[in-house]
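Here is model_28.cif, consisting of mmCIF, C-alpha atoms and all ligand atoms:
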data_final
#
loop_
_atom_site.group_PDB
_atom_site.id
_atom_site.type_symbol
_atom_site.label_atom_id
_atom_site.label_comp_id
_atom_site.auth_asym_id
_atom_site.auth_seq_id
_atom_site.Cartn_x
_atom_site.Cartn_y
_atom_site.Cartn_z
ATOM 1 C CA MET A 1 12.530 -26.370 6.618
ATOM 2 C CA PRO A 2 8.861 -27.207 7.230
ATOM 3 C CA THR A 3 6.134 -26.078 4.900
ATOM 4 C CA VAL A 4 2.887 -24.478 5.922
ATOM 5 C CA THR A 5 -0.295 -24.569 3.864
ATOM 6 C CA LEU A 6 -3.229 -22.348 4.670
ATOM 7 C CA ARG A 7 -6.024 -20.538 2.898
ATOM 8 C CA VAL A 8 -5.454 -16.807 2.834
ATOM 9 C CA ASN A 9 -8.322 -14.664 1.597
ATOM 10 C CA GLY A 10 -9.837 -17.712 -0.068
ATOM 11 C CA LYS A 11 -6.694 -18.898 -1.858
ATOM 12 C CA GLU A 12 -4.554 -21.831 -0.831
ATOM 13 C CA ARG A 13 -0.997 -20.722 -0.123
ATOM 14 C CA THR A 14 2.026 -22.850 0.709
ATOM 15 C CA ALA A 15 5.397 -21.622 1.906
ATOM 16 C CA GLU A 16 8.590 -23.066 3.285
ATOM 17 C CA ILE A 17 9.230 -21.377 6.575
ATOM 18 C CA ASP A 18 11.409 -21.492 9.626
ATOM 19 C CA VAL A 19 9.614 -23.047 12.583
ATOM 20 C CA ARG A 20 9.828 -19.690 14.395
ATOM 21 C CA THR A 21 8.147 -17.688 11.618
ATOM 22 C CA LEU A 22 5.319 -15.552 12.898
ATOM 23 C CA LEU A 23 2.030 -15.386 11.043
ATOM 24 C CA VAL A 24 2.461 -11.629 10.514
ATOM 25 C CA ASP A 25 5.835 -12.193 8.851
ATOM 26 C CA LEU A 26 4.437 -14.904 6.604
ATOM 27 C CA LEU A 27 1.631 -12.562 5.551
ATOM 28 C CA ARG A 28 3.682 -9.424 5.073
ATOM 29 C CA GLU A 29 7.046 -10.686 3.890
ATOM 30 C CA ARG A 30 6.286 -13.885 2.033
ATOM 31 C CA LEU A 31 2.782 -13.209 0.737
ATOM 32 C CA GLN A 32 3.175 -9.408 0.361
ATOM 33 C CA LEU A 33 -0.050 -8.729 2.260
ATOM 34 C CA THR A 34 1.204 -5.553 3.861
ATOM 35 C CA GLY A 35 -2.206 -4.323 5.001
ATOM 36 C CA THR A 36 -1.517 -6.246 8.192
ATOM 37 C CA HIS A 37 0.572 -3.823 10.230
ATOM 38 C CA VAL A 38 3.140 -4.226 12.980
ATOM 39 C CA GLY A 39 2.935 -1.605 15.688
ATOM 40 C CA CYS A 40 4.460 -3.135 18.788
ATOM 41 C CA ASP A 41 5.406 -6.766 18.118
ATOM 42 C CA THR A 42 4.450 -7.566 21.710
ATOM 43 C CA SER A 43 0.710 -8.255 21.502
ATOM 44 C CA GLN A 44 -0.408 -4.872 22.787
ATOM 45 C CA CYS A 45 -1.486 -2.636 19.904
ATOM 46 C CA GLY A 46 -3.674 -4.872 17.737
ATOM 47 C CA ALA A 47 -2.385 -3.436 14.445
ATOM 48 C CA CYS A 48 -1.511 -6.979 13.327
ATOM 49 C CA THR A 49 -4.999 -8.410 13.921
ATOM 50 C CA VAL A 50 -6.273 -10.882 11.312
ATOM 51 C CA LEU A 51 -9.092 -13.410 11.317
ATOM 52 C CA VAL A 52 -8.218 -17.088 11.719
ATOM 53 C CA GLU A 53 -11.283 -19.258 11.210
ATOM 54 C CA GLY A 54 -13.323 -16.080 11.629
ATOM 55 C CA ARG A 55 -11.842 -15.166 15.001
ATOM 56 C CA SER A 56 -9.555 -12.199 15.543
ATOM 57 C CA VAL A 57 -6.005 -13.034 16.522
ATOM 58 C CA LYS A 58 -2.843 -11.002 16.897
ATOM 59 C CA SER A 59 -0.637 -12.305 14.138
ATOM 60 C CA CYS A 60 2.535 -10.930 15.785
ATOM 61 C CA THR A 61 2.223 -13.525 18.493
ATOM 62 C CA THR A 62 0.883 -16.428 16.434
ATOM 63 C CA LEU A 63 3.249 -18.920 14.882
ATOM 64 C CA ALA A 64 2.604 -19.395 11.195
ATOM 65 C CA LEU A 65 2.711 -23.159 11.717
ATOM 66 C CA ASP A 66 -0.177 -22.852 14.166
ATOM 67 C CA ALA A 67 -2.305 -21.596 11.267
ATOM 68 C CA GLU A 68 -1.659 -24.777 9.244
ATOM 69 C CA GLY A 69 -4.840 -25.678 7.376
ATOM 70 C CA ALA A 70 -6.718 -22.634 8.644
ATOM 71 C CA ASP A 71 -8.751 -20.001 6.832
ATOM 72 C CA VAL A 72 -7.051 -16.655 7.329
ATOM 73 C CA THR A 73 -8.591 -13.332 6.366
ATOM 74 C CA THR A 74 -6.536 -10.166 6.126
ATOM 75 C CA ILE A 75 -7.808 -6.691 5.358
ATOM 76 C CA GLU A 76 -7.047 -7.303 1.667
ATOM 77 C CA GLY A 77 -9.601 -10.112 1.632
ATOM 78 C CA LEU A 78 -12.509 -8.288 3.212
ATOM 79 C CA SER A 79 -13.966 -6.426 0.250
ATOM 80 C CA THR A 80 -15.715 -8.297 -2.528
ATOM 81 C CA ASN A 81 -15.559 -7.321 -6.203
ATOM 82 C CA GLY A 82 -14.192 -3.911 -5.274
ATOM 83 C CA ARG A 83 -17.031 -3.211 -2.833
ATOM 84 C CA LEU A 84 -16.120 -2.389 0.727
ATOM 85 C CA HIS A 85 -17.215 -4.789 3.443
ATOM 86 C CA PRO A 86 -19.996 -3.193 5.560
ATOM 87 C CA MET A 87 -17.566 -2.682 8.442
ATOM 88 C CA GLN A 88 -15.085 -0.930 6.166
ATOM 89 C CA ALA A 89 -17.884 1.222 4.760
ATOM 90 C CA ALA A 90 -18.979 2.141 8.289
ATOM 91 C CA PHE A 91 -15.452 3.225 9.240
ATOM 92 C CA LYS A 92 -15.393 5.401 6.134
ATOM 93 C CA GLU A 93 -18.815 6.892 6.724
ATOM 94 C CA HIS A 94 -18.269 7.612 10.419
ATOM 95 C CA HIS A 95 -14.699 8.877 10.017
ATOM 96 C CA GLY A 96 -13.357 6.078 12.191
ATOM 97 C CA LEU A 97 -9.777 6.656 11.082
ATOM 98 C CA GLN A 98 -7.185 9.309 10.568
ATOM 99 C CA CYS A 99 -3.724 8.003 9.650
ATOM 100 C CA GLY A 100 -5.136 4.515 9.105
ATOM 101 C CA PHE A 101 -2.322 2.603 10.748
ATOM 102 C CA CYS A 102 -4.566 0.903 13.298
ATOM 103 C CA THR A 103 -7.506 0.562 10.929
ATOM 104 C CA PRO A 104 -6.982 -2.913 9.417
ATOM 105 C CA GLY A 105 -6.719 -4.403 12.893
ATOM 106 C CA MET A 106 -9.655 -2.365 14.184
ATOM 107 C CA VAL A 107 -11.879 -3.403 11.293
ATOM 108 C CA LEU A 108 -11.041 -7.105 11.525
ATOM 109 C CA SER A 109 -11.470 -7.127 15.284
ATOM 110 C CA ALA A 110 -14.813 -5.373 14.843
ATOM 111 C CA VAL A 111 -15.936 -7.949 12.284
ATOM 112 C CA ASP A 112 -15.286 -10.657 14.863
ATOM 113 C CA LEU A 113 -17.254 -8.730 17.504
ATOM 114 C CA ALA A 114 -20.164 -8.219 15.103
ATOM 115 C CA SER A 115 -20.278 -11.946 14.361
ATOM 116 C CA ARG A 116 -20.811 -12.584 18.078
ATOM 117 C CA ASN A 117 -22.910 -9.556 18.967
ATOM 118 C CA GLY A 118 -24.860 -7.818 16.225
ATOM 119 C CA ARG A 119 -25.885 -4.861 18.359
ATOM 120 C CA PRO A 120 -23.011 -4.096 20.700
ATOM 121 C CA SER A 121 -23.447 -1.225 23.140
ATOM 122 C CA GLU A 122 -20.882 1.552 23.341
ATOM 123 C CA ALA A 123 -19.466 -0.057 26.485
ATOM 124 C CA GLU A 124 -19.263 -3.456 24.801
ATOM 125 C CA VAL A 125 -17.423 -2.006 21.814
ATOM 126 C CA ARG A 126 -14.967 -0.162 24.053
ATOM 127 C CA LYS A 127 -14.308 -3.293 26.097
ATOM 128 C CA TRP A 128 -13.854 -5.426 22.981
ATOM 129 C CA LEU A 129 -11.403 -2.977 21.433
ATOM 130 C CA ASP A 130 -9.316 -2.872 24.571
ATOM 131 C CA GLY A 131 -6.527 -4.678 22.707
ATOM 132 C CA ASN A 132 -6.554 -2.335 19.692
ATOM 133 C CA LEU A 133 -4.806 0.976 20.166
ATOM 134 C CA CYS A 134 -5.277 4.129 18.091
ATOM 135 C CA ARG A 135 -2.951 7.086 18.461
ATOM 136 C CA CYS A 136 -5.062 9.454 16.367
ATOM 137 C CA THR A 137 -8.813 9.375 16.722
ATOM 138 C CA GLY A 138 -9.700 9.343 20.409
ATOM 139 C CA TYR A 139 -11.904 6.297 19.695
ATOM 140 C CA HIS A 140 -15.232 8.183 19.613
ATOM 141 C CA ASN A 141 -15.790 7.729 15.887
ATOM 142 C CA ILE A 142 -14.333 4.231 15.911
ATOM 143 C CA VAL A 143 -16.979 3.162 18.416
ATOM 144 C CA LYS A 144 -19.743 4.732 16.302
ATOM 145 C CA ALA A 145 -18.356 3.022 13.210
ATOM 146 C CA VAL A 146 -18.225 -0.388 14.866
ATOM 147 C CA GLN A 147 -21.832 -0.101 16.076
ATOM 148 C CA ALA A 148 -23.000 0.977 12.624
ATOM 149 C CA GLY A 149 -20.940 -1.697 10.912
ATOM 150 C CA ALA A 150 -22.304 -4.407 13.163
ATOM 151 C CA GLN A 151 -25.845 -3.356 12.338
ATOM 152 C CA ALA A 152 -25.046 -3.222 8.631
ATOM 153 C CA MET A 153 -23.670 -6.755 8.865
ATOM 154 C CA GLY A 154 -27.096 -7.901 9.923
ATOM 155 C CA GLY A 155 -27.596 -6.672 13.471
HETATM 156 S S1 LIG A 201 1.985 -5.682 16.348
HETATM 157 FE FE1 LIG A 201 0.770 -7.285 17.137
HETATM 158 S S2 LIG A 201 -0.264 -6.447 18.813
HETATM 159 FE FE2 LIG A 201 1.056 -4.845 18.128
HETATM 160 S S1 LIG A 202 -6.059 6.226 12.854
HETATM 161 FE FE1 LIG A 202 -3.944 6.605 13.280
HETATM 162 S S2 LIG A 202 -3.450 5.096 14.751
HETATM 163 FE FE2 LIG A 202 -5.588 4.915 14.513
#

Can you turn what I pasted into structure tokens?
Amino acid sequence: MPTVTLRVNGKERTAEIDVRTLLVDLLRERLQLTGTHVGCDTSQCGACTVLVEGRSVKSCTTLALDAEGADVTTIEGLSTNGRLHPMQAAFKEHHGLQCGFCTPGMVLSAVDLASRNGRPSEAEVRKWLDGNLCRCTGYHNIVKAVQAGAQAMGG
């Protein structure tokens, strides 16, 4: 079996995997990082979103071997020293979640957006989050949270 080595949340991790192993399965089942969720397994819901080299990707449709040597950030790696990342804090403050199932993917996708566009308009946020589905909130507060989080990240 091949091995894959990548940096996950700042730590180098190596695992022996089947060539078909998906990144989400490596994260959840081998590395016990269960904050990355699986909602659809078909690249539609965005619950499995993580950052690879700072860019949001759907880990349910990414082969783990394709992340060889990459920096991967999951929701567990976003806070520092117990302090929420500004995007997490904004979701909390603006009530951008209810059950929380979609939230890790929403937050990581939003962090990617904020790194490209520090002051996204409501329309830009809605367009960006097209690939992240939420069954609970109606999106209104999520959009407010993403705009506030982007500004808190430096505008
Ligand atoms: S589980 Fe990956 S997009 Fe739904
Ligand atoms: S908060 Fe429940 S799915 Fe989004």

For the contact check between chain A and ligand LIG 202 (chain A), emit one row per residue of chain A within 10 Å, containing the shortest atom pair and the distance in Å rounded to one decimal, counting all atoms listed in the file, chain then rising number order, as a tab-separated table.
residue	atom	partner	partner_atom	distance
A:Gly39	CA	A:LIG202	S2	9.3
A:Cys45	CA	A:LIG202	S2	9.5
A:Ala47	CA	A:LIG202	S2	8.6
A:His95	CA	A:LIG202	S1	9.5
A:Gly96	CA	A:LIG202	S1	7.3
A:Leu97	CA	A:LIG202	S1	4.1
A:Gln98	CA	A:LIG202	S1	4.0
A:Cys99	CA	A:LIG202	FE1	3.9
A:Gly100	CA	A:LIG202	S1	4.2
A:Phe101	CA	A:LIG202	S2	4.8
A:Cys102	CA	A:LIG202	FE2	4.3
A:Thr103	CA	A:LIG202	FE2	6.0
A:Pro104	CA	A:LIG202	FE2	9.4
A:Gly105	CA	A:LIG202	FE2	9.5
A:Met106	CA	A:LIG202	FE2	8.3
A:Asn132	CA	A:LIG202	FE2	9.0
A:Leu133	CA	A:LIG202	FE2	6.9
A:Cys134	CA	A:LIG202	FE2	3.7
A:Arg135	CA	A:LIG202	S2	4.2
A:Cys136	CA	A:LIG202	FE1	4.3
A:Thr137	CA	A:LIG202	S1	5.7
A:Gly138	CA	A:LIG202	FE2	8.4
A:Tyr139	CA	A:LIG202	FE2	8.3
A:Ile142	CA	A:LIG202	FE2	8.9

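Note that CA of Gly118 (chain A) and CA of Thr36 (chain A) are 24.7 Å apart.
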
| Expansion of the PyMOL selection byres (((chain A and resi 54) around 8) and not hetatm) into residues, as a ChimeraX atom specification | /A:51-53,55-56,71-73,112

| request: Please give me, as a ChimeraX atom specification, the residues lying within 8 Å of ligand LIG 201 (chain A) when counting all atoms listed in the file. | output: /A:37-49,58-61,131-132

| request: Take CA of Asp18 (chain A) and CA of Thr34 (chain A) and report the distance between them in Å, one decimal. | output: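 Value for the CA of Asp18 (chain A)-CA of Thr34 (chain A) distance: 19.8 Å.
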
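You can rank A:Leu84, A:Leu31, A:Leu26, A:Val4 by their closest distance to Ala152 (chain A) using all atoms listed in the file, and at the top of that list sits A:Leu84.
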
| field | Coordinates-based distance that separates CA of Val50 (chain A) from CA of Ala145 (chain A) (Å, one decimal) | value |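 Going from CA of Ala145 (chain A) over to CA of Val50 (chain A) covers 18.5 Å.
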
| task | Determine the nearest neighbour of Glu122 (chain A) from the options A:Val19, A:Met1, A:Val143, A:Ala64, counting all atoms listed in the file. | result |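 Among the listed residues, the smallest separation from Glu122 (chain A) belongs to A:Val143.
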
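Ranking A:Ala110, A:Leu65, A:Met153, A:Glu76 by their shortest atom-to-atom distance to Arg28 (chain A), with only C-alpha atoms included, puts A:Glu76 first.
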
| message | With 10 Å as the threshold, what does the neighbourhood of (-27.7, -11.2, 13.0) contain in terms of residues, counting only C-alpha atoms? Coordinates are those of the file; answer as a PyMOL selection string. | response | chain A and resi 114-119+150-155

| field | Picked residues, the PyMOL selection byres (((chain A and resi 22) around 6) and not hetatm), expected as a VMD selection string | value | chain A and resid 21 23 to 25 62 to 64

| request: Would you list the residues near (-19.9, -1.0, 8.7) (no more than 9 Å away, in the coordinates of the file, using all atoms listed in the file) as number ranges by chain? | output: A: 84-94, 107, 111, 145-153

| message | List the spatial neighbours of Arg7 (chain A) as a PyMOL selection string - criterion: any atom at most 7 Å away, all atoms listed in the file, same-chain residues fewer than 4 positions off excluded. | response | chain A and resi 11-13+69-72

Reconstruct N, CA and C atoms of region 91-126 of chain A; output as an mmCIF file, keeping the file's coordinate frame.
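And here's result-v6.cif as it stands now:
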data_model
loop_
_atom_site.group_PDB
_atom_site.id
_atom_site.type_symbol
_atom_site.label_atom_id
_atom_site.label_comp_id
_atom_site.auth_asym_id
_atom_site.auth_seq_id
_atom_site.Cartn_x
_atom_site.Cartn_y
_atom_site.Cartn_z
ATOM 1 N N PHE A 91 -16.618 2.439 8.792
ATOM 2 C CA PHE A 91 -15.452 3.225 9.240
ATOM 3 C C PHE A 91 -15.289 4.460 8.346
ATOM 4 N N LYS A 92 -15.518 4.270 7.063
ATOM 5 C CA LYS A 92 -15.393 5.401 6.134
ATOM 6 C C LYS A 92 -16.474 6.437 6.432
ATOM 7 N N GLU A 93 -17.690 5.972 6.544
ATOM 8 C CA GLU A 93 -18.815 6.892 6.724
ATOM 9 C C GLU A 93 -18.737 7.647 8.052
ATOM 10 N N HIS A 94 -18.286 6.983 9.090
ATOM 11 C CA HIS A 94 -18.269 7.612 10.419
ATOM 12 C C HIS A 94 -16.897 8.189 10.782
ATOM 13 N N HIS A 95 -16.036 8.291 9.803
ATOM 14 C CA HIS A 95 -14.699 8.877 10.017
ATOM 15 C C HIS A 95 -13.980 8.181 11.177
ATOM 16 N N GLY A 96 -13.964 6.858 11.107
ATOM 17 C CA GLY A 96 -13.357 6.078 12.191
ATOM 18 C C GLY A 96 -11.860 5.901 12.029
ATOM 19 N N LEU A 97 -11.225 6.763 11.262
ATOM 20 C CA LEU A 97 -9.777 6.656 11.082
ATOM 21 C C LEU A 97 -9.193 8.009 10.743
ATOM 22 N N GLN A 98 -7.917 8.123 11.032
ATOM 23 C CA GLN A 98 -7.185 9.309 10.568
ATOM 24 C C GLN A 98 -5.979 8.845 9.768
ATOM 25 N N CYS A 99 -4.880 8.447 10.442
ATOM 26 C CA CYS A 99 -3.724 8.003 9.650
ATOM 27 C C CYS A 99 -3.947 6.630 9.043
ATOM 28 N N GLY A 100 -4.808 5.823 9.654
ATOM 29 C CA GLY A 100 -5.136 4.515 9.105
ATOM 30 C C GLY A 100 -4.256 3.377 9.569
ATOM 31 N N PHE A 101 -3.246 3.681 10.376
ATOM 32 C CA PHE A 101 -2.322 2.603 10.748
ATOM 33 C C PHE A 101 -3.024 1.505 11.547
ATOM 34 N N CYS A 102 -3.886 1.894 12.449
ATOM 35 C CA CYS A 102 -4.566 0.903 13.298
ATOM 36 C C CYS A 102 -5.767 0.273 12.604
ATOM 37 N N THR A 103 -6.184 0.867 11.480
ATOM 38 C CA THR A 103 -7.506 0.562 10.929
ATOM 39 C C THR A 103 -7.697 -0.890 10.482
ATOM 40 N N PRO A 104 -6.746 -1.508 9.788
ATOM 41 C CA PRO A 104 -6.982 -2.913 9.417
ATOM 42 C C PRO A 104 -7.279 -3.799 10.629
ATOM 43 N N GLY A 105 -6.503 -3.608 11.682
ATOM 44 C CA GLY A 105 -6.719 -4.403 12.893
ATOM 45 C C GLY A 105 -8.039 -4.068 13.564
ATOM 46 N N MET A 106 -8.374 -2.782 13.584
ATOM 47 C CA MET A 106 -9.655 -2.365 14.184
ATOM 48 C C MET A 106 -10.824 -3.001 13.423
ATOM 49 N N VAL A 107 -10.767 -2.909 12.122
ATOM 50 C CA VAL A 107 -11.879 -3.403 11.293
ATOM 51 C C VAL A 107 -12.039 -4.912 11.467
ATOM 52 N N LEU A 108 -10.930 -5.647 11.419
ATOM 53 C CA LEU A 108 -11.041 -7.105 11.525
ATOM 54 C C LEU A 108 -11.487 -7.526 12.919
ATOM 55 N N SER A 109 -11.016 -6.834 13.927
ATOM 56 C CA SER A 109 -11.470 -7.127 15.284
ATOM 57 C C SER A 109 -12.969 -6.840 15.398
ATOM 58 N N ALA A 110 -13.396 -5.744 14.797
ATOM 59 C CA ALA A 110 -14.813 -5.373 14.843
ATOM 60 C C ALA A 110 -15.688 -6.379 14.101
ATOM 61 N N VAL A 111 -15.174 -6.930 13.016
ATOM 62 C CA VAL A 111 -15.936 -7.949 12.284
ATOM 63 C C VAL A 111 -16.159 -9.168 13.181
ATOM 64 N N ASP A 112 -15.144 -9.531 13.926
ATOM 65 C CA ASP A 112 -15.286 -10.657 14.863
ATOM 66 C C ASP A 112 -16.335 -10.322 15.928
ATOM 67 N N LEU A 113 -16.251 -9.126 16.500
ATOM 68 C CA LEU A 113 -17.254 -8.730 17.504
ATOM 69 C C LEU A 113 -18.657 -8.809 16.915
ATOM 70 N N ALA A 114 -18.829 -8.255 15.709
ATOM 71 C CA ALA A 114 -20.164 -8.219 15.103
ATOM 72 C C ALA A 114 -20.709 -9.612 14.843
ATOM 73 N N SER A 115 -19.801 -10.577 14.602
ATOM 74 C CA SER A 115 -20.278 -11.946 14.361
ATOM 75 C C SER A 115 -20.776 -12.596 15.654
ATOM 76 N N ARG A 116 -20.375 -12.039 16.790
ATOM 77 C CA ARG A 116 -20.811 -12.584 18.078
ATOM 78 C C ARG A 116 -21.950 -11.770 18.676
ATOM 79 N N ASN A 117 -21.968 -10.474 18.343
ATOM 80 C CA ASN A 117 -22.910 -9.556 18.967
ATOM 81 C C ASN A 117 -23.293 -8.506 17.926
ATOM 82 N N GLY A 118 -24.449 -8.673 17.338
ATOM 83 C CA GLY A 118 -24.860 -7.818 16.225
ATOM 84 C C GLY A 118 -25.261 -6.412 16.630
ATOM 85 N N ARG A 119 -25.513 -6.204 17.902
ATOM 86 C CA ARG A 119 -25.885 -4.861 18.359
ATOM 87 C C ARG A 119 -25.097 -4.494 19.624
ATOM 88 N N PRO A 120 -23.805 -4.383 19.501
ATOM 89 C CA PRO A 120 -23.011 -4.096 20.700
ATOM 90 C C PRO A 120 -23.265 -2.677 21.215
ATOM 91 N N SER A 121 -23.312 -2.550 22.535
ATOM 92 C CA SER A 121 -23.447 -1.225 23.140
ATOM 93 C C SER A 121 -22.105 -0.504 23.052
ATOM 94 N N GLU A 122 -22.138 0.798 23.343
ATOM 95 C CA GLU A 122 -20.882 1.552 23.341
ATOM 96 C C GLU A 122 -19.882 0.915 24.313
ATOM 97 N N ALA A 123 -20.367 0.536 25.487
ATOM 98 C CA ALA A 123 -19.466 -0.057 26.485
ATOM 99 C C ALA A 123 -18.904 -1.385 25.980
ATOM 100 N N GLU A 124 -19.741 -2.160 25.314
ATOM 101 C CA GLU A 124 -19.263 -3.456 24.801
ATOM 102 C C GLU A 124 -18.206 -3.256 23.712
ATOM 103 N N VAL A 125 -18.420 -2.274 22.861
ATOM 104 C CA VAL A 125 -17.423 -2.006 21.814
ATOM 105 C C VAL A 125 -16.106 -1.564 22.445
ATOM 106 N N ARG A 126 -16.195 -0.656 23.410
ATOM 107 C CA ARG A 126 -14.967 -0.162 24.053
ATOM 108 C C ARG A 126 -14.216 -1.296 24.752
#
